[in-house]
>>> print(open('my_file-v9.cif').read())   # mmCIF, C-alpha atoms
data_work
loop_
_atom_site.label_atom_id
_atom_site.label_comp_id
_atom_site.auth_asym_id
_atom_site.auth_seq_id
_atom_site.Cartn_x
_atom_site.Cartn_y
_atom_site.Cartn_z
CA MET A 1295 1.12 3.91 -15.12
CA THR A 1296 3.36 3.73 -12.07
CA ARG A 1297 2.18 1.78 -9.06
CA SER A 1298 1.40 3.27 -5.68
CA LEU A 1299 4.36 4.75 -3.86
CA SER A 1300 4.08 1.88 -1.38
CA PRO A 1301 4.17 -1.72 -2.64
CA LEU A 1302 1.61 -2.70 0.00
CA PRO A 1303 -0.80 0.25 0.32
CA THR A 1304 -2.94 0.19 3.46
CA ARG A 1305 -6.63 1.16 3.68
CA LYS A 1306 -7.28 0.14 7.28
CA VAL A 1307 -8.70 2.52 9.90
CA LEU A 1308 -9.13 1.57 13.56
CA LEU A 1309 -12.24 3.55 14.58
CA VAL A 1310 -12.67 4.04 18.34
CA ASP A 1311 -15.86 5.68 19.70
CA ASP A 1312 -18.00 4.77 22.71
CA ASP A 1313 -21.23 5.97 21.01
CA ALA A 1314 -22.56 3.00 19.02
CA ALA A 1315 -24.67 5.17 16.68
CA VAL A 1316 -21.75 7.48 15.88
CA ARG A 1317 -19.44 4.49 15.49
CA GLU A 1318 -21.82 2.84 13.01
CA ALA A 1319 -22.32 6.04 11.01
CA LEU A 1320 -18.58 6.76 10.79
CA GLY A 1321 -17.90 3.14 9.93
CA GLN A 1322 -20.31 3.34 6.99
CA THR A 1323 -18.70 6.60 5.86
CA LEU A 1324 -15.27 4.94 5.85
CA GLU A 1325 -16.53 1.89 3.97
CA LEU A 1326 -18.18 4.09 1.33
CA ALA A 1327 -14.76 5.68 0.83
CA ASP A 1328 -13.31 2.20 0.21
CA LEU A 1329 -11.58 2.08 3.58
CA ASP A 1330 -11.45 -1.00 5.80
CA ALA A 1331 -13.04 0.06 9.10
CA VAL A 1332 -12.12 -1.88 12.26
CA THR A 1333 -14.42 -0.61 15.03
CA ALA A 1334 -13.97 -0.58 18.79
CA GLY A 1335 -16.16 0.94 21.55
CA SER A 1336 -13.38 1.65 24.04
CA PHE A 1337 -9.65 1.83 24.58
CA VAL A 1338 -9.67 -1.68 26.05
CA ALA A 1339 -11.34 -3.07 22.92
CA ALA A 1340 -8.95 -1.17 20.66
CA LYS A 1341 -5.76 -1.95 22.57
CA ASP A 1342 -5.05 -5.35 21.00
CA HIS A 1343 -5.06 -3.83 17.50
CA ILE A 1344 -2.39 -1.24 18.38
CA THR A 1345 0.92 -2.87 17.49
CA PRO A 1346 4.04 -1.80 15.55
CA GLU A 1347 2.83 -4.08 12.74
CA PHE A 1348 -0.67 -2.54 12.51
CA ASP A 1349 -1.02 -1.66 8.83
CA GLY A 1350 -3.43 1.21 9.26
CA VAL A 1351 -4.20 4.40 11.21
CA ILE A 1352 -6.33 5.27 14.24
CA LEU A 1353 -9.40 7.54 14.28
CA SER A 1354 -10.56 8.01 17.87
CA ASP A 1355 -13.09 10.04 19.78
CA MET A 1356 -11.52 12.26 22.44
CA ARG A 1357 -14.07 11.97 25.26
CA MET A 1358 -14.83 8.38 26.27
CA PRO A 1359 -15.66 6.83 29.66
CA GLY A 1360 -12.62 5.50 31.47
CA ARG A 1361 -9.58 5.74 29.19
CA ASP A 1362 -10.05 8.76 26.90
CA GLY A 1363 -8.43 9.76 23.60
CA PHE A 1364 -5.38 11.21 25.32
CA HIS A 1365 -4.73 7.89 27.03
CA LEU A 1366 -5.14 6.06 23.73
CA LEU A 1367 -2.76 8.53 22.03
CA ALA A 1368 -0.14 8.06 24.74
CA TYR A 1369 -0.41 4.28 24.49
CA ALA A 1370 -0.12 4.35 20.69
CA GLN A 1371 2.93 6.65 20.93
CA GLU A 1372 4.57 4.22 23.36
CA VAL A 1373 3.88 1.19 21.14
CA ASP A 1374 4.77 2.88 17.84
CA ALA A 1375 5.60 6.59 17.68
CA GLU A 1376 5.06 6.52 13.91
CA LEU A 1377 1.47 5.24 14.07
CA PRO A 1378 -0.83 8.13 13.00
CA VAL A 1379 -3.62 8.93 15.46
CA VAL A 1380 -6.40 11.33 14.39
CA LEU A 1381 -8.54 12.60 17.28
CA LEU A 1382 -12.19 13.73 17.18
CA THR A 1383 -14.15 15.84 19.65
CA GLY A 1384 -17.61 17.32 19.71
CA GLU A 1385 -16.42 20.39 21.56
CA GLY A 1386 -14.52 23.24 19.95
CA ASP A 1387 -11.81 23.16 22.59
CA ILE A 1388 -8.69 24.96 21.27
CA PRO A 1389 -6.45 24.17 24.28
CA MET A 1390 -7.40 20.50 23.90
CA ALA A 1391 -6.45 20.57 20.21
CA VAL A 1392 -3.12 22.23 21.00
CA ARG A 1393 -2.38 19.63 23.66
CA ALA A 1394 -3.32 16.76 21.33
CA MET A 1395 -1.00 18.00 18.58
CA SER A 1396 1.85 18.68 21.02
CA GLU A 1397 1.56 15.12 22.35
CA GLY A 1398 1.92 13.62 18.90
CA ALA A 1399 -1.56 13.43 17.34
CA PHE A 1400 -1.44 13.30 13.55
CA ASP A 1401 -4.42 15.68 13.35
CA PHE A 1402 -7.39 16.95 15.32
CA LEU A 1403 -10.93 17.32 13.95
CA GLU A 1404 -14.21 18.64 15.34
CA LYS A 1405 -17.46 16.64 15.22
CA PRO A 1406 -19.51 16.74 13.15
CA CYS A 1407 -16.74 16.71 10.56
CA GLU A 1408 -17.31 17.17 6.84
CA THR A 1409 -16.74 13.90 5.02
CA ALA A 1410 -14.41 15.50 2.47
CA LYS A 1411 -12.22 16.99 5.20
CA LEU A 1412 -12.17 13.72 7.16
CA MET A 1413 -11.17 11.73 4.05
CA THR A 1414 -8.41 14.21 3.18
CA VAL A 1415 -6.85 13.83 6.64
CA LEU A 1416 -7.21 10.04 6.66
CA GLU A 1417 -5.74 9.65 3.15
CA ARG A 1418 -2.76 11.72 4.23
CA ALA A 1419 -2.36 9.61 7.37
CA LEU A 1420 -2.64 6.37 5.41
CA LYS A 1421 0.02 7.48 2.92
CA THR A 1422 2.31 8.38 5.80
CA ARG A 1423 1.73 4.99 7.44
CA ALA A 1424 2.34 3.12 4.18
CA LEU A 1425 5.68 4.89 3.70
CA VAL A 1426 6.72 4.10 7.29
CA LEU A 1427 5.90 0.41 6.87
CA GLU A 1428 7.69 0.27 3.52
CA ASN A 1429 10.82 1.82 5.04
CA ARG A 1430 10.78 -0.74 7.84
CA ARG A 1431 10.31 -3.63 5.44
CA LEU A 1432 13.22 -2.43 3.29
CA GLN A 1433 15.40 -1.95 6.36
CA ARG A 1434 14.70 -5.52 7.49
CA GLN A 1435 15.52 -6.73 4.00
CA LEU A 1436 18.80 -4.84 4.03
CA GLU A 1437 19.77 -6.09 7.48
CA ARG A 1438 19.26 -9.75 6.65
CA GLY A 1439 20.14 -9.70 2.96
CA ASP A 1440 23.29 -10.44 1.00
CA PRO A 1441 25.38 -7.63 -0.57
CA ALA A 1442 23.00 -7.49 -3.54
CA ALA A 1443 20.07 -6.85 -1.20
CA ARG A 1444 22.01 -4.47 1.06
CA MET A 1445 23.70 -2.36 -1.62
CA ILE A 1446 21.36 -2.38 -4.63
CA PHE A 1447 18.25 -0.42 -3.68
CA GLY A 1448 14.76 -0.77 -5.13
CA THR A 1449 11.78 -3.09 -5.26
CA SER A 1450 10.88 -3.00 -8.95
CA PRO A 1451 10.96 -6.13 -11.14
CA GLN A 1452 13.87 -4.57 -13.04
CA VAL A 1453 15.97 -4.29 -9.89
CA GLN A 1454 15.02 -7.79 -8.77
CA GLU A 1455 16.26 -9.02 -12.14
CA LEU A 1456 19.45 -6.97 -11.72
CA ARG A 1457 20.14 -8.59 -8.33
CA ALA A 1458 19.56 -12.04 -9.81
CA ARG A 1459 21.97 -11.26 -12.64
CA VAL A 1460 24.60 -9.98 -10.20
CA ARG A 1461 24.30 -13.13 -8.10
CA ALA A 1462 24.58 -15.35 -11.18
CA ALA A 1463 27.65 -13.49 -12.44
CA ALA A 1464 29.33 -13.45 -9.04
CA VAL A 1465 29.52 -17.24 -8.63
CA THR A 1466 31.35 -17.74 -11.93
CA GLU A 1467 35.04 -17.08 -12.50
CA ALA A 1468 34.31 -15.49 -15.87
CA GLU A 1469 35.04 -11.87 -16.70
CA VAL A 1470 32.09 -9.52 -16.22
CA LEU A 1471 30.96 -6.45 -18.15
CA VAL A 1472 28.79 -4.06 -16.13
CA SER A 1473 26.93 -1.62 -18.35
CA GLY A 1474 24.47 1.18 -17.74
CA ALA A 1475 23.70 4.81 -18.41
CA PRO A 1476 25.98 7.52 -16.96
CA GLY A 1477 25.40 7.92 -13.23
CA SER A 1478 23.64 4.57 -12.85
CA GLY A 1479 26.14 3.20 -10.33
CA ILE A 1480 28.39 0.95 -12.43
CA PRO A 1481 31.31 0.91 -9.94
CA LYS A 1482 28.96 0.05 -7.07
CA VAL A 1483 27.39 -2.89 -8.93
CA ALA A 1484 30.87 -4.09 -9.92
CA GLU A 1485 31.84 -4.08 -6.24
CA VAL A 1486 28.73 -6.11 -5.36
CA VAL A 1487 29.75 -8.71 -7.97
CA HIS A 1488 33.16 -8.87 -6.28
CA LEU A 1489 31.78 -9.10 -2.74
CA MET A 1490 29.43 -11.95 -3.66
CA SER A 1491 32.13 -13.98 -5.39
CA ARG A 1492 34.55 -16.40 -3.73
CA ARG A 1493 37.10 -13.59 -4.08
CA GLY A 1494 34.98 -11.32 -1.90
CA GLN A 1495 37.53 -11.36 0.94
CA GLY A 1496 40.29 -10.30 -1.47
CA ALA A 1497 41.16 -6.83 -2.71
CA PHE A 1498 38.80 -4.83 -4.90
CA VAL A 1499 41.02 -2.58 -6.99
CA LYS A 1500 39.35 -0.03 -9.24
CA ARG A 1501 40.83 2.27 -11.84
CA PRO A 1502 39.50 4.36 -14.77
CA ALA A 1503 40.55 2.80 -18.07
CA ALA A 1504 41.37 6.19 -19.60
CA GLY A 1505 45.13 6.70 -19.91
CA LEU A 1506 45.89 3.24 -18.50
CA THR A 1507 49.24 1.94 -19.77
CA PRO A 1508 50.10 -1.77 -20.17
CA GLU A 1509 52.71 -1.41 -17.40
CA THR A 1510 50.25 0.14 -14.96
CA PHE A 1511 47.71 -2.53 -15.85
CA GLU A 1512 50.19 -5.25 -14.88
CA GLU A 1513 50.86 -3.50 -11.57
CA LEU A 1514 47.13 -3.33 -10.89
CA CYS A 1515 46.76 -7.04 -11.62
CA ARG A 1516 49.43 -7.81 -9.03
CA SER A 1517 47.69 -5.57 -6.49
CA ALA A 1518 44.40 -7.37 -7.11
CA GLU A 1519 45.73 -10.95 -6.93
CA GLY A 1520 43.17 -13.13 -5.23
CA GLY A 1521 40.56 -10.41 -5.68
CA SER A 1522 39.06 -8.36 -8.50
CA LEU A 1523 40.27 -5.55 -10.74
CA PHE A 1524 37.58 -3.17 -11.94
CA LEU A 1525 38.37 -1.06 -15.03
CA ASP A 1526 35.79 1.67 -15.54
CA GLU A 1527 34.78 3.23 -18.87
CA LEU A 1528 36.51 0.65 -21.05
CA SER A 1529 35.78 2.65 -24.21
CA ALA A 1530 38.47 5.15 -23.13
CA MET A 1531 41.17 2.47 -22.77
CA PRO A 1532 44.16 2.99 -25.12
CA GLN A 1533 44.53 0.46 -27.92
CA GLU A 1534 47.88 -0.90 -26.70
CA THR A 1535 46.40 -1.52 -23.25
CA GLN A 1536 43.44 -3.32 -24.78
CA TYR A 1537 45.89 -5.81 -26.31
CA ALA A 1538 47.68 -6.19 -22.97
CA VAL A 1539 44.41 -6.92 -21.17
CA LEU A 1540 43.40 -9.47 -23.79
CA ALA A 1541 46.80 -11.19 -23.54
CA ARG A 1542 46.55 -11.35 -19.77
CA LEU A 1543 43.07 -12.89 -19.96
CA GLU A 1544 44.19 -15.49 -22.46
CA GLN A 1545 47.18 -16.43 -20.28
CA GLY A 1546 45.09 -16.59 -17.15
CA SER A 1547 45.00 -14.02 -14.37
CA ASP A 1548 45.04 -14.27 -10.59
CA ALA A 1549 42.82 -11.21 -10.54
CA ARG A 1550 39.29 -11.33 -11.86
CA ILE A 1551 38.70 -8.60 -14.44
CA ILE A 1552 35.43 -6.66 -14.20
CA GLY A 1553 34.82 -4.00 -16.84
CA GLY A 1554 32.43 -1.08 -16.78
CA SER A 1555 30.98 0.96 -19.62
CA SER A 1556 28.31 3.63 -19.98
CA VAL A 1557 28.47 3.46 -23.79
CA ASP A 1558 27.61 0.65 -26.18
CA LEU A 1559 30.93 -1.14 -26.73
CA SER A 1560 29.53 -3.10 -29.66
CA GLU A 1561 29.25 0.21 -31.54
CA ARG A 1562 32.87 0.98 -30.69
CA VAL A 1563 33.84 -2.46 -31.98
CA ALA A 1564 31.96 -1.80 -35.23
CA GLY A 1565 33.73 1.57 -35.52
CA GLY A 1566 37.13 -0.01 -34.97
CA SER A 1567 38.00 1.83 -31.75
CA PHE A 1568 37.62 -1.15 -29.42
CA ASN A 1569 39.20 -4.57 -29.77
CA ALA A 1570 36.57 -7.07 -30.85
CA ASP A 1571 38.27 -10.07 -29.20
CA LEU A 1572 38.54 -8.23 -25.90
CA TYR A 1573 34.91 -7.15 -26.10
CA TYR A 1574 33.61 -10.67 -26.65
CA ARG A 1575 35.88 -12.00 -23.90
CA LEU A 1576 34.57 -9.45 -21.39
CA ASP A 1577 30.98 -9.85 -22.55
CA VAL A 1578 30.79 -13.46 -21.33
CA MET A 1579 28.78 -12.31 -18.33
CA ARG A 1580 26.98 -9.01 -18.85
CA VAL A 1581 25.20 -7.17 -16.06
CA ARG A 1582 23.07 -4.27 -17.32
CA ILE A 1583 21.83 -1.65 -14.87
CA PRO A 1584 18.36 -0.31 -15.80
CA SER A 1585 18.01 3.47 -15.88
CA LEU A 1586 15.72 5.32 -13.46
CA ALA A 1587 13.41 6.04 -16.40
CA GLU A 1588 12.86 2.27 -16.67
CA ARG A 1589 12.15 1.83 -12.96
CA ARG A 1590 10.42 4.92 -11.64
CA ASP A 1591 8.88 2.97 -8.77
CA ASP A 1592 12.36 2.76 -7.24
CA ILE A 1593 12.81 6.54 -7.07
CA PRO A 1594 11.06 6.90 -3.66
CA VAL A 1595 13.24 4.15 -2.16
CA LEU A 1596 16.45 5.64 -3.54
CA PHE A 1597 15.54 9.23 -2.68
CA ARG A 1598 14.71 8.42 0.95
CA HIS A 1599 18.01 6.54 1.27
CA TYR A 1600 19.99 9.42 -0.24
CA VAL A 1601 18.19 11.99 1.93
CA SER A 1602 19.08 9.97 5.03
CA GLN A 1603 22.72 9.79 3.91
CA ALA A 1604 22.87 13.49 3.05
CA ALA A 1605 21.34 14.51 6.38
CA GLU A 1606 23.85 12.36 8.26
CA GLN A 1607 26.73 13.88 6.29
CA ALA A 1608 25.43 17.40 6.92
CA GLY A 1609 24.89 16.67 10.61
CA ILE A 1610 21.23 17.73 10.55
CA ASP A 1611 17.87 16.00 10.92
CA ALA A 1612 16.42 14.61 7.71
CA PRO A 1613 13.44 16.70 6.54
CA GLU A 1614 10.05 15.07 6.05
CA ILE A 1615 9.46 13.78 2.52
CA SER A 1616 5.84 14.11 1.48
CA PRO A 1617 4.11 11.76 -0.97
CA GLU A 1618 3.64 14.80 -3.23
CA THR A 1619 7.40 15.37 -3.29
CA LEU A 1620 8.04 11.75 -4.25
CA ALA A 1621 5.36 11.85 -6.96
CA SER A 1622 6.97 14.97 -8.44
CA LEU A 1623 10.38 13.28 -8.46
CA MET A 1624 8.90 10.22 -10.15
CA ALA A 1625 7.54 12.41 -12.95
CA GLN A 1626 11.06 13.24 -14.13
CA ASP A 1627 13.38 11.29 -16.44
CA TRP A 1628 16.63 11.69 -14.43
CA PRO A 1629 19.11 11.36 -17.32
CA GLY A 1630 21.89 11.52 -14.71
CA ASN A 1631 20.29 8.54 -12.94
CA ALA A 1632 21.29 7.70 -9.35
CA ARG A 1633 24.07 10.29 -9.31
CA SER A 1634 21.72 13.17 -10.11
CA LEU A 1635 19.06 11.86 -7.71
CA MET A 1636 21.73 11.79 -5.01
CA SER A 1637 22.58 15.43 -5.74
CA ALA A 1638 18.88 16.32 -5.60
CA ALA A 1639 18.64 14.64 -2.20
CA MET A 1640 21.50 16.75 -0.88
CA ARG A 1641 19.87 19.94 -2.17
CA PHE A 1642 16.56 18.83 -0.64
CA VAL A 1643 18.23 18.34 2.75
CA LEU A 1644 19.82 21.78 2.47
CA GLY A 1645 16.46 23.40 1.65
CA MET A 1646 16.84 23.75 -2.12
CA PRO A 1647 14.35 21.24 -3.61
CA GLU A 1648 14.32 22.68 -7.14
CA GLU A 1649 13.58 19.29 -8.76
CA VAL A 1650 10.14 19.24 -7.17
CA SER A 1651 9.27 22.77 -8.25
CA LYS A 1652 10.58 22.01 -11.73
CA ALA A 1653 8.18 19.07 -12.05
CA ALA A 1654 5.31 21.18 -10.72
CA ASP A 1655 5.88 23.68 -13.54
CA LEU A 1656 5.19 21.06 -16.20
CA GLY A 1657 1.84 21.21 -17.96
CA LEU A 1658 -0.51 18.23 -18.16
CA ALA A 1659 0.55 17.39 -21.73
CA GLU A 1660 4.23 17.35 -20.74
CA GLN A 1661 3.56 15.19 -17.72
CA MET A 1662 1.51 12.74 -19.81
CA ALA A 1663 4.30 12.63 -22.40
CA GLN A 1664 6.79 11.74 -19.66
CA VAL A 1665 4.55 8.96 -18.42
CA GLU A 1666 4.12 7.59 -21.95
CA ARG A 1667 7.85 7.72 -22.58
CA SER A 1668 8.57 5.89 -19.32
CA LEU A 1669 6.05 3.16 -20.21
CA LEU A 1670 7.72 2.63 -23.58
CA ILE A 1671 11.16 2.42 -21.99
CA ALA A 1672 9.96 0.09 -19.23
CA ALA A 1673 8.34 -2.24 -21.79
CA LEU A 1674 11.55 -2.37 -23.84
CA GLY A 1675 13.56 -3.09 -20.71
CA ARG A 1676 11.27 -5.97 -19.74
CA GLN A 1677 11.41 -7.41 -23.26
CA ASN A 1678 15.19 -7.15 -23.55
CA GLY A 1679 14.97 -4.44 -26.22
CA LYS A 1680 12.69 -6.49 -28.52
CA ALA A 1681 10.41 -3.89 -30.05
CA ALA A 1682 7.81 -6.31 -31.42
CA ALA A 1683 7.41 -8.02 -28.04
CA ALA A 1684 7.20 -4.66 -26.25
CA ALA A 1685 4.53 -3.42 -28.66
CA GLU A 1686 2.51 -6.59 -28.06
CA ALA A 1687 2.86 -6.24 -24.27
CA LEU A 1688 1.54 -2.68 -24.49
CA LYS A 1689 -1.24 -3.80 -26.88
CA LEU A 1690 -0.11 -1.27 -29.50
CA PRO A 1691 0.02 -1.77 -33.28
CA ARG A 1692 3.66 -2.04 -34.33
CA LYS A 1693 3.51 1.06 -36.52
CA THR A 1694 2.06 3.12 -33.67
CA PHE A 1695 4.73 1.76 -31.33
CA TYR A 1696 7.57 2.62 -33.73
CA ASP A 1697 6.11 6.09 -34.32
CA LYS A 1698 6.15 6.71 -30.59
CA LEU A 1699 9.74 5.47 -30.30
CA ALA A 1700 10.76 7.91 -33.03
CA ARG A 1701 8.87 10.78 -31.37
CA TYR A 1702 10.74 10.29 -28.08
CA GLY A 1703 14.10 9.37 -29.61
CA ILE A 1704 14.09 5.90 -28.01
CA ARG A 1705 16.32 3.18 -29.51
CA PRO A 1706 15.33 -0.44 -28.70
CA GLU A 1707 18.97 -1.57 -28.91
CA ASP A 1708 19.81 0.57 -25.88
CA TYR A 1709 17.71 -1.77 -23.72
CA ARG A 1710 19.20 -5.09 -24.80
CA ARG A 1711 21.08 -7.06 -22.22
#
>>> encode(input="my_file-v9.cif", output="structure tokens")
Amino acid sequence: MTRSLSPLPTRKVLLVDDDAAVREALGQTLELADLDAVTAGSFVAAKDHITPEFDGVILSDMRMPGRDGFHLLAYAQEVDAELPVVLLTGEGDIPMAVRAMSEGAFDFLEKPCETAKLMTVLERALKTRALVLENRRLQRQLERGDPAARMIFGTSPQVQELRARVRAAAVTEAEVLVSGAPGSGIPKVAEVVHLMSRRGQGAFVKRPAAGLTPETFEELCRSAEGGSLFLDELSAMPQETQYAVLARLEQGSDARIIGGSSVDLSERVAGGSFNADLYYRLDVMRVRIPSLAERRDDIPVLFRHYVSQAAEQAGIDAPEISPETLASLMAQDWPGNARSLMSAAMRFVLGMPEEVSKAADLGLAEQMAQVERSLLIAALGRQNGKAAAAAEALKLPRKTFYDKLARYGIRPEDYRR
């Protein structure tokens, strides 16, 4: 199953109430719900816990001697405007509730509050806080990281392996083959390889391989001298140009050649449509981009990034992304990978989130089938396409594993690096 939407889920609640008996009772209620209750009897006692790094939420009584709940809310807003504060009062005061919400309270509840209702609000607040902290952590990582950290998004083991592979390929002078499913971001990863190499200050010239003539190829090599030449979708390269590229590589080139392909070139070699010598020359350093189906945990990270980009492009504020929205997106296969997720983000920003409603229409059996399929694909990806090892990792008999692969049309060879 997929992990929590946040890599470091928080369960901490700072409980502030001047009534010791109420504080003890609420604290026990929180602990029974598997929450980590940190109690304080006043604003002064709670103040030191309220920091931008506090990995929890605040549940505070409204009426307290001295500094009341409004003062605590104002202080929390000043320290961290994204820290959820839930306020409690024993009086059904509607104007007070309106004021609390207008001043930034996450929610407002009356005492005594039903445990189920209290837990629902706190769980929602905790999810919101976890997403905020994750975004900040990723932003810090991007700001201090190298191009692989700044430009390749995600936190999954598959993406960490991809970054490591990119870094390893970048420091060599060998040709590189970047492969992945359509829409997975092959040109972007190729550019990261270039930027992290010693040629990173040189030109990065990119051109589709389809229709490329030997003469144009030579011109591109001259343009990319001291830098890198990226040729996308190598399978579409004309035969005569394939020979020209191979000859240039054998003679030595002042431009590093990086190839990209969304199809299995080894199959094209077997079918005679792609030059075997060129394929093996380019395949010295292979960088394979895992599909979104193999790394569903990265979908929230990518989607939030694309929503932010789309909102900036549209000149509007980014809409709030609920945990339910992200969970619905994670339930889908995304055959178009990052490109289709990017389009979904734009539609979401413009108020047309059909991907979410589409996932909501799926029945339980269909959703479970999607989860099972994603687990099979993820296991194959981790085991480099080795079916026997993947079956063992999933603790499945080999026959059962192969039956499931056949049912979902999954080919182990598609996940070999």
>>> resolve_selection(input="my_file-v9.cif", expression="the PyMOL selection byres ((chain A and resi 1574) around 12)", output="ChimeraX atom specification")
/A:1468-1471,1540,1543,1553,1559-1560,1563,1568-1573,1575-1580
>>> write_last_selection(input="my_file-v9.cif", atoms="C-alpha atoms", output="PDB file, keeping the file's coordinate frame")
ATOM      1  CA  ALA A1468      34.310 -15.490 -15.870  1.00  0.00           C
ATOM      2  CA  GLU A1469      35.040 -11.870 -16.700  1.00  0.00           C
ATOM      3  CA  VAL A1470      32.090  -9.520 -16.220  1.00  0.00           C
ATOM      4  CA  LEU A1471      30.960  -6.450 -18.150  1.00  0.00           C
ATOM      5  CA  LEU A1540      43.400  -9.470 -23.790  1.00  0.00           C
ATOM      6  CA  LEU A1543      43.070 -12.890 -19.960  1.00  0.00           C
ATOM      7  CA  GLY A1553      34.820  -4.000 -16.840  1.00  0.00           C
ATOM      8  CA  LEU A1559      30.930  -1.140 -26.730  1.00  0.00           C
ATOM      9  CA  SER A1560      29.530  -3.100 -29.660  1.00  0.00           C
ATOM     10  CA  VAL A1563      33.840  -2.460 -31.980  1.00  0.00           C
ATOM     11  CA  PHE A1568      37.620  -1.150 -29.420  1.00  0.00           C
ATOM     12  CA  ASN A1569      39.200  -4.570 -29.770  1.00  0.00           C
ATOM     13  CA  ALA A1570      36.570  -7.070 -30.850  1.00  0.00           C
ATOM     14  CA  ASP A1571      38.270 -10.070 -29.200  1.00  0.00           C
ATOM     15  CA  LEU A1572      38.540  -8.230 -25.900  1.00  0.00           C
ATOM     16  CA  TYR A1573      34.910  -7.150 -26.100  1.00  0.00           C
ATOM     17  CA  ARG A1575      35.880 -12.000 -23.900  1.00  0.00           C
ATOM     18  CA  LEU A1576      34.570  -9.450 -21.390  1.00  0.00           C
ATOM     19  CA  ASP A1577      30.980  -9.850 -22.550  1.00  0.00           C
ATOM     20  CA  VAL A1578      30.790 -13.460 -21.330  1.00  0.00           C
ATOM     21  CA  MET A1579      28.780 -12.310 -18.330  1.00  0.00           C
ATOM     22  CA  ARG A1580      26.980  -9.010 -18.850  1.00  0.00           C
TER      23      ARG A1580
END
>>> closest_residue(input="my_file-v9.cif", among="A:Lys1341, A:Arg1710, A:Arg1701, A:Arg1444", to="Ser1473 in chain A", atoms="only C-alpha atoms")
A:Arg1710
>>> residues_around(input="my_file-v9.cif", residues="Glu1606 in chain A", least_positions_apart="5", cutoff="12 Å", atoms="all atoms listed in the file", output="ChimeraX atom specification")
/A:1599-1601,1611-1613,1639-1640,1643-1644
>>> atom_distance(input="my_file-v9.cif", atom1="CA of Arg1423 in chain A", atom2="CA of Glu1408 in chain A")
22.6 Å
>>> resolve_selection(input="my_file-v9.cif", expression="the PyMOL selection byres ((chain A and resi 1698) around 12)", output="PyMOL selection string")
chain A and resi 1663+1666-1671+1681+1685+1690-1697+1699-1706
>>> resolve_selection(input="my_file-v9.cif", expression="the PyMOL selection byres ((chain A and resi 1530) around 6)", output="list in words")
Ala1503, Ala1504, Glu1527, Leu1528, Ser1529 and Met1531 of chain A
>>> write_last_selection(input="my_file-v9.cif", atoms="C-alpha atoms", output="short mmCIF file (atom, residue, chain, number, x, y, z; two decimals), in the coordinates of the input")
data_model
loop_
_atom_site.label_atom_id
_atom_site.label_comp_id
_atom_site.auth_asym_id
_atom_site.auth_seq_id
_atom_site.Cartn_x
_atom_site.Cartn_y
_atom_site.Cartn_z
CA ALA A 1503 40.55 2.80 -18.07
CA ALA A 1504 41.37 6.19 -19.60
CA GLU A 1527 34.78 3.23 -18.87
CA LEU A 1528 36.51 0.65 -21.05
CA SER A 1529 35.78 2.65 -24.21
CA MET A 1531 41.17 2.47 -22.77
#
>>> residues_around(input="my_file-v9.cif", residues="range 1397-1400 of chain A", least_positions_apart="4", cutoff="12 Å", atoms="all atoms listed in the file", output="VMD selection string")
chain A and resid 1351 to 1354 1356 1363 to 1372 1374 to 1382 1390 to 1393 1415 to 1420 1422 to 1423
>>> residues_around(input="my_file-v9.cif", residues="Ser1556 in chain A", least_positions_apart="5", cutoff="6 Å", atoms="all atoms listed in the file", output="JSON, numbers by chain")
{"A": [1473, 1474, 1475, 1476]}
>>> atom_distance(input="my_file-v9.cif", atom1="CA of Cys1515 in chain A", atom2="CA of Val1581 in chain A")
22.0 Å
>>> residues_around(input="my_file-v9.cif", residues="Leu1489 in chain A", least_positions_apart="6", cutoff="9 Å", atoms="only C-alpha atoms", output="VMD selection string")
chain A and resid 1441 to 1442 1464 1495 to 1496 1498
>>> atom_distance(input="my_file-v9.cif", atom1="CA of Arg1305 in chain A", atom2="CA of Leu1412 in chain A")
14.2 Å
>>> closest_residue(input="my_file-v9.cif", among="A:Asp1548, A:Glu1428, A:Glu1686, A:Asp1330", to="Gly1520 in chain A", atoms="all atoms listed in the file")
A:Asp1548
>>> axis_aligned_box(input="my_file-v9.cif", around="range 1618-1621 of chain A", padding_each_side="6 Å", output="JSON")
{"center_x": 5.8, "center_y": 13.6, "center_z": -5.1, "size_x": 16.4, "size_y": 15.6, "size_z": 15.7}
>>> residues_around(input="my_file-v9.cif", residues="Glu1512 in chain A", least_positions_apart="6", cutoff="12 Å", atoms="all atoms listed in the file", output="ChimeraX atom specification")
/A:1506,1518-1519,1523,1535,1538-1543,1547-1549,1551
